[in-house]
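Everything on this sheet refers to the single structure shown next.
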Amino acid sequence: MSTLTINSVTPASGTVRPSRGAPPGVFIDRGTGALSIDMTILPAREASWAQIYVYLLTADAPAGGLNYCGQNLPDAPTWGPLRAFRTERVTISGFQVFRVPCDVVGIRAMLHTRNTGLLLPPNASETVAEATTAVSFRILPIQ
């Protein structure tokens with residue numbers, strides 16, 4: 001069984017300010033220290049290609065909308081190939097936020113094998129491993 005473990009989220013509560021942009025292109029730049037998610041993956045199977053998507057989950061979705069307000073774009077690491085039983089440690093710190101303010105209630109990380117460019121969460125057959133953890137922080141507009 002493949003595993004993906006979210007080791008830590010910084011901050012786990014409080015507020016986060018993006019680095020630049022305006023919705024739908026507000027960015028938390030990689031390496032700024034504003035938001036950081038440390039993970040460990042241990043795949044139980046080989047894959048010719050794999051990628052991690054991380055979603056900033058919300059409790060409120062706009063009518064007909066998605067239950068997340070941001071994704072780890074462009075900080076979405078890939079492997080080609082992904083080796084079985086080889087532990088990888090990854091820290092994600094770059095995100096695109098689609099709407100602000102945004103109350104983030106969880107982090108969902110998905111290691112997947114879909115190589116189509118589609119940004120929506122992968123389906124079960126494309127998912128190698130996933131994990132979700134609860135958080136409570138608010139992403140505010142840039143001041």
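Chain lettering (A, B, ...) mirrors the order of the structure tokens, residue numbering begins at 1 for each chain separately, and ligand numbering begins at 1 in order of display.
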Exercise for review: Could you give me, as a list of chain:residue names, the residues within 7 Å of A:Leu73, counting only C-alpha atoms and dropping anything in the same chain fewer than 3 positions from it?
Suggested key: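 The filter keeps A:Ala76, A:Gly94, A:Phe95, A:Gln96.
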Residue subset to file, keeping all heavy atoms, as a CSV table (one decimal), in the first residue's frame:
chain,number,residue,atom,x,y,z
A,76,ALA,N,4.4,22.0,-8.2
A,76,ALA,CA,3.9,20.7,-8.3
A,76,ALA,C,4.9,19.7,-8.7
A,76,ALA,O,5.1,19.5,-9.9
A,76,ALA,CB,2.6,20.7,-9.2
A,94,GLY,N,4.6,26.8,-2.8
A,94,GLY,CA,4.1,27.7,-3.8
A,94,GLY,C,2.7,27.4,-4.2
A,94,GLY,O,2.4,26.2,-4.5
A,95,PHE,N,1.8,28.4,-4.2
A,95,PHE,CA,0.3,28.2,-4.4
A,95,PHE,C,-0.3,29.3,-5.3
A,95,PHE,O,0.2,30.4,-5.2
A,95,PHE,CB,-0.4,28.1,-3.1
A,95,PHE,CG,-0.2,26.9,-2.3
A,95,PHE,CD1,0.9,26.8,-1.4
A,95,PHE,CD2,-0.9,25.7,-2.5
A,95,PHE,CE1,1.2,25.7,-0.7
A,95,PHE,CE2,-0.6,24.6,-1.7
A,95,PHE,CZ,0.4,24.6,-0.9
A,96,GLN,N,-1.2,28.9,-6.1
A,96,GLN,CA,-2.1,29.9,-6.7
A,96,GLN,C,-3.4,29.8,-6.0
A,96,GLN,O,-4.0,28.8,-5.7
A,96,GLN,CB,-2.4,29.6,-8.2
A,96,GLN,CG,-3.3,30.6,-8.8
A,96,GLN,CD,-3.5,30.3,-10.3
A,96,GLN,OE1,-3.0,29.4,-10.9
A,96,GLN,NE2,-4.3,31.2,-10.9
Practice item. Extract, using only C-alpha atoms, all DNA, RNA and protein residues at most 7 Å from A:Ala50, discarding same-chain residues fewer than 6 positions from it, and format them as an NGL selection string. Key: :A and (78-80 or 82 or 111-113)
For the selection you just gave me, I'd like the residues written to a file as a compact mmCIF listing (two decimals), in the first residue's frame, keeping C-alpha atoms.
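Output (selection-v2.txt):
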# COMPACT_ATOMS: atom_id res chain seq x y z
CA THR A 78 6.96 15.39 -10.71
CA TRP A 79 8.84 12.12 -10.92
CA GLY A 80 9.64 10.27 -14.09
CA LEU A 82 8.43 7.06 -9.67
CA LEU A 111 0.16 11.73 -5.57
CA HIS A 112 -1.19 10.79 -8.98
CA THR A 113 -0.20 9.42 -12.39
Per-residue nearest contacts of stretch 57-103 of chain A to stretch 21-36 of chain A (12 Å; only C-alpha atoms) as a tab-separated table:
residue	atom	partner	partner_atom	distance
A:Cys69	CA	A:Pro24	CA	9.5
A:Gly70	CA	A:Val26	CA	9.1
A:Gln71	CA	A:Phe27	CA	9.8
A:Asn72	CA	A:Ile28	CA	9.1
A:Leu73	CA	A:Phe27	CA	8.5
A:Pro74	CA	A:Arg30	CA	8.6
A:Asp75	CA	A:Arg30	CA	6.9
A:Ala76	CA	A:Arg30	CA	10.6
A:Val90	CA	A:Ser36	CA	10.3
A:Thr91	CA	A:Ser36	CA	6.6
A:Ile92	CA	A:Ser36	CA	5.7
A:Ser93	CA	A:Ser36	CA	4.4
A:Gly94	CA	A:Arg30	CA	3.8
A:Phe95	CA	A:Ile28	CA	5.0
A:Gln96	CA	A:Phe27	CA	4.6
A:Val97	CA	A:Val26	CA	5.1
A:Phe98	CA	A:Pro24	CA	4.2
A:Arg99	CA	A:Pro23	CA	5.5
A:Val100	CA	A:Pro23	CA	7.1
A:Pro101	CA	A:Pro23	CA	9.9
A:Cys102	CA	A:Pro23	CA	11.3
Practice item. Quick one: everything within 10 Å of A:Leu120, counting only C-alpha atoms, minus sequence neighbours fewer than 3 positions away in the same chain. Send it as a PyMOL selection string. Key: chain A and resi 53+55+66+71+117+123
Check your understanding: How would you write, as a PyMOL selection string, the set of residues in stretch 20-138 of chain A that DSSP gives as strand (DSSP E or B)?
Key -> chain A and resi 20+26-28+36-42+47+50-58+68-71+78-79+82+88-92+95-97+102-112+127-138
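Among the candidates A:Leu57, A:Ile6, A:Met110, A:Val104, the residue lying nearest to A:Ala124 is A:Met110 (atoms considered: only C-alpha atoms).
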Practice item. Have a look at A:Ile107, A:Ala61, A:Val16, A:Leu140 and name the one nearest to A:Met39; count only C-alpha atoms. Key: A:Ile107
**Study point:** Nearest-residue call for A:Arg114, choices A:Val135, A:Val128, A:Val54, A:Ala59, using only C-alpha atoms
**Key:** A:Val128
